[in-house]
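Asker: What follows is the file my_file-v2.cif, containing mmCIF, C-alpha atoms:
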data_query
#
loop_
_atom_site.label_atom_id
_atom_site.label_comp_id
_atom_site.auth_asym_id
_atom_site.auth_seq_id
_atom_site.Cartn_x
_atom_site.Cartn_y
_atom_site.Cartn_z
CA MET C 1 12.28 -11.73 -47.49
CA THR C 2 14.00 -12.06 -44.14
CA LEU C 3 12.52 -13.45 -40.97
CA LYS C 4 13.69 -11.87 -37.73
CA PRO C 5 14.02 -14.64 -35.15
CA ASP C 6 12.25 -12.74 -32.37
CA ILE C 7 10.36 -14.40 -29.54
CA LYS C 8 7.02 -14.28 -31.40
CA VAL C 9 8.49 -16.22 -34.31
CA MET C 10 10.29 -18.63 -31.98
CA ARG C 11 6.98 -19.31 -30.17
CA MET C 12 5.30 -19.97 -33.52
CA ILE C 13 8.07 -22.36 -34.54
CA LYS C 14 7.81 -24.17 -31.21
CA ALA C 15 4.03 -24.40 -31.63
CA LEU C 16 4.52 -25.98 -35.05
CA ASP C 17 7.09 -28.45 -33.78
CA SER C 18 4.80 -31.49 -33.91
CA PRO C 19 3.55 -33.59 -36.84
CA THR C 20 -0.03 -33.47 -35.50
CA ARG C 21 0.00 -29.69 -35.22
CA MET C 22 1.50 -29.34 -38.71
CA GLN C 23 -1.32 -31.51 -40.08
CA ILE C 24 -3.87 -29.29 -38.31
CA VAL C 25 -2.29 -26.11 -39.69
CA ASN C 26 -2.12 -27.59 -43.20
CA LEU C 27 -5.85 -28.25 -43.02
CA ILE C 28 -6.84 -24.87 -41.60
CA VAL C 29 -4.50 -22.63 -43.61
CA ASN C 30 -6.20 -23.81 -46.81
CA SER C 31 -9.75 -23.47 -45.48
CA SER C 32 -11.89 -20.89 -43.79
CA ALA C 33 -13.03 -21.62 -40.22
CA VAL C 34 -12.92 -25.33 -39.29
CA SER C 35 -14.77 -26.85 -36.35
CA PHE C 36 -13.22 -29.00 -33.61
CA THR C 37 -15.12 -32.03 -34.93
CA GLY C 38 -14.09 -31.24 -38.52
CA ILE C 39 -10.42 -31.16 -37.52
CA ARG C 40 -10.78 -34.40 -35.58
CA GLU C 41 -12.44 -36.19 -38.49
CA HIS C 42 -9.81 -34.87 -40.93
CA LEU C 43 -6.92 -36.06 -38.75
CA GLU C 44 -8.49 -39.47 -38.24
CA THR C 45 -9.01 -39.89 -42.00
CA LEU C 46 -5.48 -38.69 -42.71
CA THR C 47 -3.70 -40.91 -40.22
CA GLY C 48 -6.14 -43.82 -39.93
CA LYS C 49 -5.88 -43.52 -36.14
CA THR C 50 -8.30 -42.15 -33.58
CA ILE C 51 -7.28 -39.00 -31.74
CA SER C 52 -8.78 -38.32 -28.33
CA LYS C 53 -10.65 -35.07 -27.70
CA GLY C 54 -8.21 -34.23 -24.91
CA THR C 55 -5.14 -34.66 -27.12
CA LEU C 56 -6.68 -32.62 -29.95
CA ALA C 57 -7.70 -29.86 -27.52
CA TYR C 58 -4.13 -29.79 -26.18
CA HIS C 59 -2.63 -29.40 -29.68
CA LEU C 60 -5.19 -26.77 -30.67
CA ASP C 61 -4.59 -24.72 -27.54
CA ILE C 62 -0.85 -24.72 -28.20
CA LEU C 63 -1.54 -23.41 -31.71
CA VAL C 64 -3.85 -20.74 -30.26
CA GLN C 65 -1.30 -19.72 -27.62
CA GLY C 66 1.42 -19.64 -30.30
CA ASN C 67 -0.73 -17.12 -32.22
CA ILE C 68 -1.10 -19.45 -35.19
CA LEU C 69 -4.83 -20.04 -34.81
CA THR C 70 -7.71 -18.09 -33.35
CA ARG C 71 -10.58 -19.82 -31.60
CA GLU C 72 -14.19 -18.69 -31.86
CA LEU C 73 -16.61 -20.07 -29.30
CA SER C 74 -20.33 -20.31 -29.91
CA ARG C 75 -22.79 -21.63 -27.39
CA ASN C 76 -26.21 -23.14 -27.48
CA PRO C 77 -28.08 -24.50 -24.45
CA ASP C 78 -26.70 -28.01 -24.93
CA ARG C 79 -23.04 -27.47 -25.67
CA THR C 80 -20.19 -25.19 -26.74
CA TYR C 81 -18.80 -25.25 -30.28
CA SER C 82 -15.30 -24.12 -31.21
CA THR C 83 -14.13 -23.10 -34.67
CA TYR C 84 -10.55 -22.32 -35.63
CA GLU C 85 -8.95 -20.01 -38.21
CA THR C 86 -5.36 -19.15 -39.10
CA THR C 87 -4.17 -15.70 -37.96
CA GLU C 88 -2.89 -13.20 -40.54
CA GLU C 89 0.43 -13.01 -38.69
CA ALA C 90 0.80 -16.79 -38.90
CA LYS C 91 0.02 -16.77 -42.63
CA LYS C 92 2.80 -14.20 -43.19
CA THR C 93 5.27 -16.14 -41.01
CA LEU C 94 4.39 -19.45 -42.61
CA THR C 95 4.84 -17.89 -46.05
CA ALA C 96 8.23 -16.52 -45.00
CA LEU C 97 9.23 -19.88 -43.56
CA GLY C 98 8.07 -21.57 -46.75
CA ILE C 99 10.22 -19.19 -48.79
CA LEU C 100 13.19 -19.87 -46.52
CA ILE C 101 12.74 -23.62 -46.88
CA GLU C 102 12.47 -23.32 -50.67
CA HIS C 103 15.58 -21.10 -50.67
CA GLU C 104 17.47 -23.67 -48.57
CA LYS C 105 16.47 -26.39 -51.04
CA LYS C 106 17.83 -24.37 -53.98
CA GLU C 107 20.97 -23.13 -52.25
CA PRO C 108 21.88 -25.44 -49.39
CA ALA C 109 23.90 -23.71 -46.67
CA THR C 110 27.55 -24.67 -46.94
CA PRO C 111 29.37 -25.55 -43.72
CA GLN C 112 31.86 -22.84 -42.69
CA MET S 1 59.60 -17.42 -18.63
CA GLU S 2 60.10 -20.87 -20.05
CA GLY S 3 57.47 -23.43 -19.09
CA GLU S 4 55.09 -20.79 -17.76
CA LYS S 5 51.61 -21.01 -19.20
CA ARG S 6 50.44 -17.79 -20.84
CA TYR S 7 46.83 -16.67 -20.97
CA ASP S 8 45.60 -14.32 -23.67
CA LEU S 9 43.22 -11.74 -22.33
CA ILE S 10 39.89 -11.76 -24.12
CA ASP S 11 39.08 -8.32 -25.51
CA GLY S 12 35.95 -6.41 -24.56
CA ASP S 13 34.33 -6.62 -27.99
CA ALA S 14 34.61 -10.40 -28.08
CA LEU S 15 33.15 -10.58 -24.57
CA ASN S 16 30.23 -8.35 -25.57
CA LYS S 17 29.68 -10.54 -28.63
CA ILE S 18 29.51 -13.66 -26.46
CA TYR S 19 27.16 -11.90 -24.03
CA ASP S 20 24.82 -10.77 -26.85
CA GLU S 21 24.88 -14.23 -28.40
CA LEU S 22 24.05 -15.87 -25.05
CA ARG S 23 21.23 -13.39 -24.43
CA SER S 24 19.77 -13.99 -27.86
CA ARG S 25 20.00 -17.78 -27.45
CA LEU S 26 18.42 -17.52 -24.00
CA ASN S 27 15.54 -15.44 -25.35
CA ASN S 28 14.99 -17.88 -28.19
CA ILE S 29 14.41 -20.84 -25.86
CA VAL S 30 10.66 -21.45 -25.74
CA PRO S 31 9.74 -23.93 -23.00
CA LEU S 32 6.40 -25.72 -23.35
CA VAL S 33 4.52 -25.49 -20.06
CA VAL S 34 1.26 -27.14 -18.99
CA VAL S 35 -0.68 -25.49 -16.16
CA CYS S 36 -3.02 -27.94 -14.40
CA GLY S 37 -5.62 -26.74 -11.96
CA PRO S 38 -9.28 -26.44 -11.15
CA GLY S 39 -11.96 -25.71 -13.72
CA LYS S 40 -14.44 -22.87 -13.63
CA CYS S 41 -16.32 -22.04 -10.42
CA ASP S 42 -19.53 -22.26 -12.44
CA PRO S 43 -19.29 -24.54 -15.51
CA ASP S 44 -21.95 -22.52 -17.36
CA GLU S 45 -20.16 -19.21 -16.94
CA ASP S 46 -16.78 -17.79 -17.91
CA CYS S 47 -16.08 -17.62 -14.21
CA THR S 48 -17.56 -14.15 -14.13
CA ALA S 49 -19.38 -15.46 -11.06
CA CYS S 50 -16.26 -14.39 -9.18
CA GLU S 51 -16.31 -10.77 -8.10
CA PRO S 52 -13.04 -9.02 -9.06
CA GLU S 53 -12.03 -8.74 -5.39
CA LYS S 54 -12.57 -12.49 -4.89
CA ARG S 55 -10.45 -13.49 -7.87
CA MET S 56 -7.28 -13.59 -5.79
CA ASP S 57 -8.82 -16.53 -3.94
CA CYS S 58 -10.17 -18.26 -7.05
CA MET S 59 -7.74 -20.94 -8.21
CA TYR S 60 -9.31 -21.01 -11.68
CA HIS S 61 -8.40 -17.34 -12.12
CA GLN S 62 -4.95 -17.94 -10.70
CA ARG S 63 -4.41 -20.82 -13.11
CA ASN S 64 -5.41 -18.62 -16.06
CA ALA S 65 -3.37 -15.65 -14.78
CA LEU S 66 -0.34 -17.93 -14.58
CA LYS S 67 -0.94 -19.21 -18.11
CA THR S 68 -1.13 -15.62 -19.41
CA ALA S 69 2.01 -14.54 -17.51
CA LEU S 70 3.96 -17.52 -18.86
CA ASN S 71 2.82 -16.85 -22.44
CA ASP S 72 3.72 -13.15 -22.06
CA SER S 73 7.19 -14.12 -20.85
CA GLY S 74 7.95 -16.10 -24.02
CA CYS S 75 6.94 -19.59 -22.90
CA LEU S 76 4.25 -21.58 -24.68
CA ALA S 77 1.79 -22.34 -21.91
CA THR S 78 -1.42 -24.33 -22.15
CA THR S 79 -4.11 -25.70 -19.85
CA PHE S 80 -6.36 -28.69 -20.26
CA GLU S 81 -9.74 -27.83 -21.76
CA GLU S 82 -12.54 -28.17 -19.23
CA ASP S 83 -15.46 -27.82 -21.67
CA LEU S 84 -14.93 -31.20 -23.31
CA GLU S 85 -16.48 -33.47 -20.66
CA LEU S 86 -13.79 -36.05 -21.30
CA GLU S 87 -13.97 -39.63 -20.23
CA TYR S 88 -10.79 -40.84 -18.53
CA ALA S 89 -9.55 -37.21 -18.52
CA SER S 90 -6.83 -37.94 -16.00
CA LEU S 91 -5.45 -40.78 -18.13
CA GLN S 92 -5.49 -38.60 -21.26
CA GLU S 93 -3.70 -35.84 -19.35
CA GLN S 94 -1.08 -38.32 -18.15
CA ILE S 95 -0.41 -39.43 -21.75
CA ILE S 96 0.06 -35.79 -22.83
CA LEU S 97 2.29 -34.88 -19.89
CA ARG S 98 4.54 -37.84 -20.75
CA GLU S 99 5.30 -36.24 -24.16
CA PRO S 100 8.99 -35.20 -24.41
CA GLU S 101 7.96 -31.77 -25.75
CA VAL S 102 6.36 -30.86 -22.40
CA ASP S 103 9.10 -29.19 -20.36
CA ILE S 104 7.40 -28.16 -17.10
CA VAL S 105 4.03 -28.90 -15.48
CA PHE S 106 2.66 -26.48 -12.87
CA ILE S 107 -0.10 -27.95 -10.71
CA PHE S 108 -2.58 -26.16 -8.43
CA PRO S 109 -4.26 -28.97 -6.48
CA ASP S 110 -7.57 -27.87 -4.98
CA SER S 111 -9.39 -31.00 -3.88
CA ARG S 112 -8.88 -34.59 -2.80
CA GLY S 113 -9.45 -35.65 -6.41
CA SER S 114 -6.77 -33.36 -7.76
CA ALA S 115 -4.39 -34.39 -4.95
CA ALA S 116 -4.88 -38.02 -6.02
CA GLU S 117 -4.16 -36.97 -9.61
CA LEU S 118 -1.06 -35.13 -8.42
CA LEU S 119 0.21 -38.27 -6.69
CA GLN S 120 -0.55 -40.25 -9.85
CA PHE S 121 1.58 -37.81 -11.89
CA THR S 122 4.45 -37.67 -9.43
CA ARG S 123 4.61 -41.47 -9.28
CA ASP S 124 5.15 -41.54 -13.04
CA PRO S 125 8.93 -41.46 -13.56
CA VAL S 126 8.61 -39.58 -16.88
CA ILE S 127 6.31 -36.84 -15.56
CA ARG S 128 7.78 -36.52 -12.07
CA PRO S 129 10.87 -34.42 -12.95
CA LYS S 130 8.65 -31.89 -14.76
CA VAL S 131 6.17 -31.33 -11.91
CA ARG S 132 6.15 -28.12 -9.84
CA VAL S 133 3.37 -27.86 -7.25
CA LEU S 134 1.97 -24.49 -6.21
CA VAL S 135 -0.04 -24.46 -2.98
CA PRO S 136 -1.69 -21.71 -0.91
CA HIS S 137 0.76 -21.06 1.91
CA GLN S 138 -1.72 -22.04 4.64
CA TYR S 139 -1.75 -25.62 3.26
CA HIS S 140 2.02 -25.83 2.83
CA PRO S 141 3.54 -28.28 5.35
CA LEU S 142 6.28 -25.80 6.25
CA TYR S 143 3.79 -23.50 7.98
CA MET S 144 1.90 -26.19 9.93
CA GLU S 145 -1.29 -24.12 9.75
CA SER S 146 -3.48 -26.88 8.37
CA GLU S 147 -4.17 -30.48 9.29
CA SER S 148 -6.03 -31.24 6.07
CA TYR S 149 -5.55 -34.28 3.88
CA LEU S 150 -3.97 -32.05 1.22
CA THR S 151 -1.27 -30.90 3.63
CA SER S 152 -0.28 -34.51 4.31
CA VAL S 153 -0.10 -35.14 0.56
CA TYR S 154 2.18 -32.10 0.17
CA GLN S 155 4.29 -33.29 3.08
CA GLU S 156 4.83 -36.63 1.37
CA LEU S 157 5.69 -34.81 -1.86
CA MET S 158 8.10 -32.47 -0.07
CA ALA S 159 9.96 -35.50 1.23
CA THR S 160 9.97 -37.51 -1.98
CA HIS S 161 9.95 -34.88 -4.74
CA GLY S 162 10.78 -31.50 -3.20
CA HIS S 163 9.09 -29.12 -5.64
CA VAL S 164 6.19 -27.84 -3.52
CA TYR S 165 6.05 -24.04 -3.33
CA PRO S 166 3.84 -21.87 -1.11
CA TYR S 167 2.16 -18.81 -2.57
CA ASP S 168 -0.04 -16.07 -1.28
CA PRO S 169 -0.99 -13.27 -3.66
CA ARG S 170 -1.90 -11.06 -0.68
CA ASN S 171 1.41 -11.40 1.11
CA GLU S 172 4.70 -10.33 -0.48
CA ALA S 173 6.67 -12.68 1.74
CA HIS S 174 5.18 -15.69 -0.08
CA ARG S 175 4.99 -14.21 -3.59
CA THR S 176 2.39 -14.83 -6.27
CA PRO S 177 2.21 -18.01 -8.39
CA GLU S 178 3.30 -15.91 -11.40
CA TYR S 179 6.42 -14.64 -9.60
CA ILE S 180 7.43 -18.15 -8.49
CA ALA S 181 6.74 -19.67 -11.92
CA LEU S 182 8.59 -16.96 -13.86
CA MET S 183 11.63 -17.32 -11.57
CA MET S 184 11.59 -21.06 -12.20
CA MET S 185 11.26 -20.66 -15.94
CA GLY S 186 14.22 -18.24 -15.93
CA ALA S 187 16.31 -20.90 -14.22
CA TYR S 188 14.98 -23.56 -16.57
CA ARG S 189 15.98 -21.47 -19.63
CA LEU S 190 19.52 -21.17 -18.22
CA TYR S 191 19.60 -24.95 -17.71
CA ARG S 192 18.50 -25.48 -21.31
CA LEU S 193 21.05 -22.96 -22.56
CA ALA S 194 23.79 -24.90 -20.80
CA HIS S 195 22.73 -27.98 -22.77
CA LEU S 196 22.74 -26.32 -26.20
CA PRO S 197 25.56 -27.15 -28.66
CA GLU S 198 28.94 -25.53 -28.07
CA MET S 199 29.40 -21.97 -29.36
CA SER S 200 32.39 -19.76 -29.98
CA ALA S 201 32.95 -16.01 -29.94
CA ASP S 202 33.33 -15.75 -33.72
CA GLN S 203 29.96 -17.36 -34.50
#
Using structure tokens, write down the structure from this file.
Answerer:
Amino acid sequence: MTLKPDIKVMRMIKALDSPTRMQIVNLIVNSSAVSFTGIREHLETLTGKTISKGTLAYHLDILVQGNILTRELSRNPDRTYSTYETTEEAKKTLTALGILIEHEKKEPATPQ
Amino acid sequence: MEGEKRYDLIDGDALNKIYDELRSRLNNIVPLVVVCGPGKCDPDEDCTACEPEKRMDCMYHQRNALKTALNDSGCLATTFEEDLELEYASLQEQIILREPEVDIVFIFPDSRGSAAELLQFTRDPVIRPKVRVLVPHQYHPLYMESESYLTSVYQELMATHGHVYPYDPRNEAHRTPEYIALMMMGAYRLYRLAHLPEMSADQ
């Protein structure tokens, strides 16, 4: 499987270029929809550190803009809830990237 | 002739190869941009309170239009979430903007509060080089059409920082925020390209 390095893929790679965002994607790619609070609690358990709402919202929006996650908003009179899911396109790209990484591990590129 | 330096002419194919390689590298640069600006006109609505013909004057719409234009042009653009009712929002934003991954920060100041925030950001030596300020042309100090507090803030910034740009979506002479921002991001991509590792024609 080859991965064409077009701008969509480059934007996805840039969006993933952060340990926090990789942890978020690892959580969501293996689940169905996850809420903002669920992601926050998961990250705090994983790292043992608190993450501010603002910082988490920033990372999540980058993943949404990078077409890795979709955001679903639901409202009730008191507040707005957001839930996040991985896009199909991201799943395919992540799978391809995973294959590439595995391939690199088996056959490391030799310097020319 | 002895001692004369000879230059080999580069052939057309090699030149085309370099050009294609540069173009592809340029297109693969994805700057991370944060667009800061006002929240919704009505916090309970999706800003549908604005009639379509009034949206040119609504800075919330302009902020979102800029975010969309930047994302469509291959950048990764984000805005700060306004639904979260954050405590110490400005401090949290400052921490994020200090991150090395943030390349450029576009700011639409719209009030005394946001002008104070703008000054706070531009006094931070890490954030300052990333900041580009977009202001309606009537408030830009160059045009001397306003005596508001904001204009004096922009005047100070013009003198100390420089990156304060007038826009007016209704007047082609001043351009839209999207036009200004996309021009700047084009230049920024070239700057980044110039700082990539060395390349040769046979790569």
Asker: Check which residues satisfy the PyMOL selection byres ((chain C and resi 29-46) around 9) in the file shown, then give them as a list in words.
Answerer: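 Matching residues under the PyMOL selection byres ((chain C and resi 29-46) around 9) are Thr20, Gln23, Ile24, Val25, Asn26, Leu27, Ile28, Thr47, Gly48, Lys49, Thr50, Ile51, Ser52, Lys53, Leu56, Ala57, Leu60, Glu72, Tyr81, Ser82, Thr83, Tyr84, Glu85, Thr86, Thr87 and Lys91 of chain C.
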Asker: Would you mind listing what lies within 8 Å of Tyr167 in chain S as a PyMOL selection string, with all atoms listed in the file counted and same-chain residues fewer than 2 positions away left out?
Answerer: chain S and resi 134-137+165+169+174-177+180
Asker: Applied to the shown file, which residues does the PyMOL selection byres ((chain S) within 8 of (chain C)) return, written as a list in words?
Answerer: Asn27, Asn28, Ile29, Val30, Asn71, Gly74, Cys75, Leu76, Ala77, Thr78, Thr79, Phe80, Glu81, Asp83, Leu84, Leu86, Ala89, Gln92, Glu93 and Ile96 of chain S
Asker: Using CA of Ile107 in chain S and CA of Leu157 in chain S as the two end points, give the distance in Å to one decimal.
Answerer: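 Separation between CA of Ile107 in chain S and CA of Leu157 in chain S: 12.6 Å.
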Asker: Excluding range 61-67 of chain S and its own-chain neighbours fewer than 3 positions away, which residues fall within 6 Å of it when counting all atoms listed in the file? Please give them as a list of chain:residue names.
Answerer: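 Once the nearby chain positions are removed, what remains is S:Cys58, S:Leu70, S:Ala77, S:Glu178.
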Asker: Take the PyMOL selection byres ((chain S and resi 109-122) around 12), apply it to the structure above, and return the hits as a PDB file with C-alpha atoms, in the coordinates of the input.
Answerer:
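Saved file part-v9.pdb follows:
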ATOM      1  CA  VAL S  35      -0.680 -25.490 -16.160  1.00  0.00           C
ATOM      2  CA  CYS S  36      -3.020 -27.940 -14.400  1.00  0.00           C
ATOM      3  CA  GLY S  37      -5.620 -26.740 -11.960  1.00  0.00           C
ATOM      4  CA  PRO S  38      -9.280 -26.440 -11.150  1.00  0.00           C
ATOM      5  CA  GLY S  39     -11.960 -25.710 -13.720  1.00  0.00           C
ATOM      6  CA  CYS S  41     -16.320 -22.040 -10.420  1.00  0.00           C
ATOM      7  CA  ASP S  57      -8.820 -16.530  -3.940  1.00  0.00           C
ATOM      8  CA  CYS S  58     -10.170 -18.260  -7.050  1.00  0.00           C
ATOM      9  CA  MET S  59      -7.740 -20.940  -8.210  1.00  0.00           C
ATOM     10  CA  TYR S  60      -9.310 -21.010 -11.680  1.00  0.00           C
ATOM     11  CA  GLN S  62      -4.950 -17.940 -10.700  1.00  0.00           C
ATOM     12  CA  ARG S  63      -4.410 -20.820 -13.110  1.00  0.00           C
ATOM     13  CA  TYR S  88     -10.790 -40.840 -18.530  1.00  0.00           C
ATOM     14  CA  ALA S  89      -9.550 -37.210 -18.520  1.00  0.00           C
ATOM     15  CA  SER S  90      -6.830 -37.940 -16.000  1.00  0.00           C
ATOM     16  CA  LEU S  91      -5.450 -40.780 -18.130  1.00  0.00           C
ATOM     17  CA  GLN S  92      -5.490 -38.600 -21.260  1.00  0.00           C
ATOM     18  CA  GLU S  93      -3.700 -35.840 -19.350  1.00  0.00           C
ATOM     19  CA  GLN S  94      -1.080 -38.320 -18.150  1.00  0.00           C
ATOM     20  CA  ILE S  95      -0.410 -39.430 -21.750  1.00  0.00           C
ATOM     21  CA  ILE S  96       0.060 -35.790 -22.830  1.00  0.00           C
ATOM     22  CA  LEU S  97       2.290 -34.880 -19.890  1.00  0.00           C
ATOM     23  CA  ARG S  98       4.540 -37.840 -20.750  1.00  0.00           C
ATOM     24  CA  VAL S 105       4.030 -28.900 -15.480  1.00  0.00           C
ATOM     25  CA  PHE S 106       2.660 -26.480 -12.870  1.00  0.00           C
ATOM     26  CA  ILE S 107      -0.100 -27.950 -10.710  1.00  0.00           C
ATOM     27  CA  PHE S 108      -2.580 -26.160  -8.430  1.00  0.00           C
ATOM     28  CA  ARG S 123       4.610 -41.470  -9.280  1.00  0.00           C
ATOM     29  CA  ASP S 124       5.150 -41.540 -13.040  1.00  0.00           C
ATOM     30  CA  PRO S 125       8.930 -41.460 -13.560  1.00  0.00           C
ATOM     31  CA  VAL S 126       8.610 -39.580 -16.880  1.00  0.00           C
ATOM     32  CA  ILE S 127       6.310 -36.840 -15.560  1.00  0.00           C
ATOM     33  CA  ARG S 128       7.780 -36.520 -12.070  1.00  0.00           C
ATOM     34  CA  PRO S 129      10.870 -34.420 -12.950  1.00  0.00           C
ATOM     35  CA  LYS S 130       8.650 -31.890 -14.760  1.00  0.00           C
ATOM     36  CA  VAL S 131       6.170 -31.330 -11.910  1.00  0.00           C
ATOM     37  CA  ARG S 132       6.150 -28.120  -9.840  1.00  0.00           C
ATOM     38  CA  VAL S 133       3.370 -27.860  -7.250  1.00  0.00           C
ATOM     39  CA  LEU S 134       1.970 -24.490  -6.210  1.00  0.00           C
ATOM     40  CA  VAL S 135      -0.040 -24.460  -2.980  1.00  0.00           C
ATOM     41  CA  PRO S 136      -1.690 -21.710  -0.910  1.00  0.00           C
ATOM     42  CA  TYR S 139      -1.750 -25.620   3.260  1.00  0.00           C
ATOM     43  CA  HIS S 140       2.020 -25.830   2.830  1.00  0.00           C
ATOM     44  CA  SER S 148      -6.030 -31.240   6.070  1.00  0.00           C
ATOM     45  CA  TYR S 149      -5.550 -34.280   3.880  1.00  0.00           C
ATOM     46  CA  LEU S 150      -3.970 -32.050   1.220  1.00  0.00           C
ATOM     47  CA  THR S 151      -1.270 -30.900   3.630  1.00  0.00           C
ATOM     48  CA  SER S 152      -0.280 -34.510   4.310  1.00  0.00           C
ATOM     49  CA  VAL S 153      -0.100 -35.140   0.560  1.00  0.00           C
ATOM     50  CA  TYR S 154       2.180 -32.100   0.170  1.00  0.00           C
ATOM     51  CA  GLN S 155       4.290 -33.290   3.080  1.00  0.00           C
ATOM     52  CA  GLU S 156       4.830 -36.630   1.370  1.00  0.00           C
ATOM     53  CA  LEU S 157       5.690 -34.810  -1.860  1.00  0.00           C
ATOM     54  CA  MET S 158       8.100 -32.470  -0.070  1.00  0.00           C
ATOM     55  CA  THR S 160       9.970 -37.510  -1.980  1.00  0.00           C
ATOM     56  CA  HIS S 161       9.950 -34.880  -4.740  1.00  0.00           C
ATOM     57  CA  GLY S 162      10.780 -31.500  -3.200  1.00  0.00           C
ATOM     58  CA  HIS S 163       9.090 -29.120  -5.640  1.00  0.00           C
ATOM     59  CA  VAL S 164       6.190 -27.840  -3.520  1.00  0.00           C
ATOM     60  CA  TYR S 165       6.050 -24.040  -3.330  1.00  0.00           C
TER      61      TYR S 165
END
Asker: Quick one: pull the distance between CA of Leu26 in chain S and CA of His195 in chain S, Å, one decimal.
Answerer: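 Between these atoms lies a distance of 11.4 Å.
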Asker: What's the separation between CA of Leu142 in chain S and CA of Pro166 in chain S, in Å to one decimal place?
Answerer: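 Separating CA of Leu142 in chain S from CA of Pro166 in chain S is a distance of 8.7 Å.
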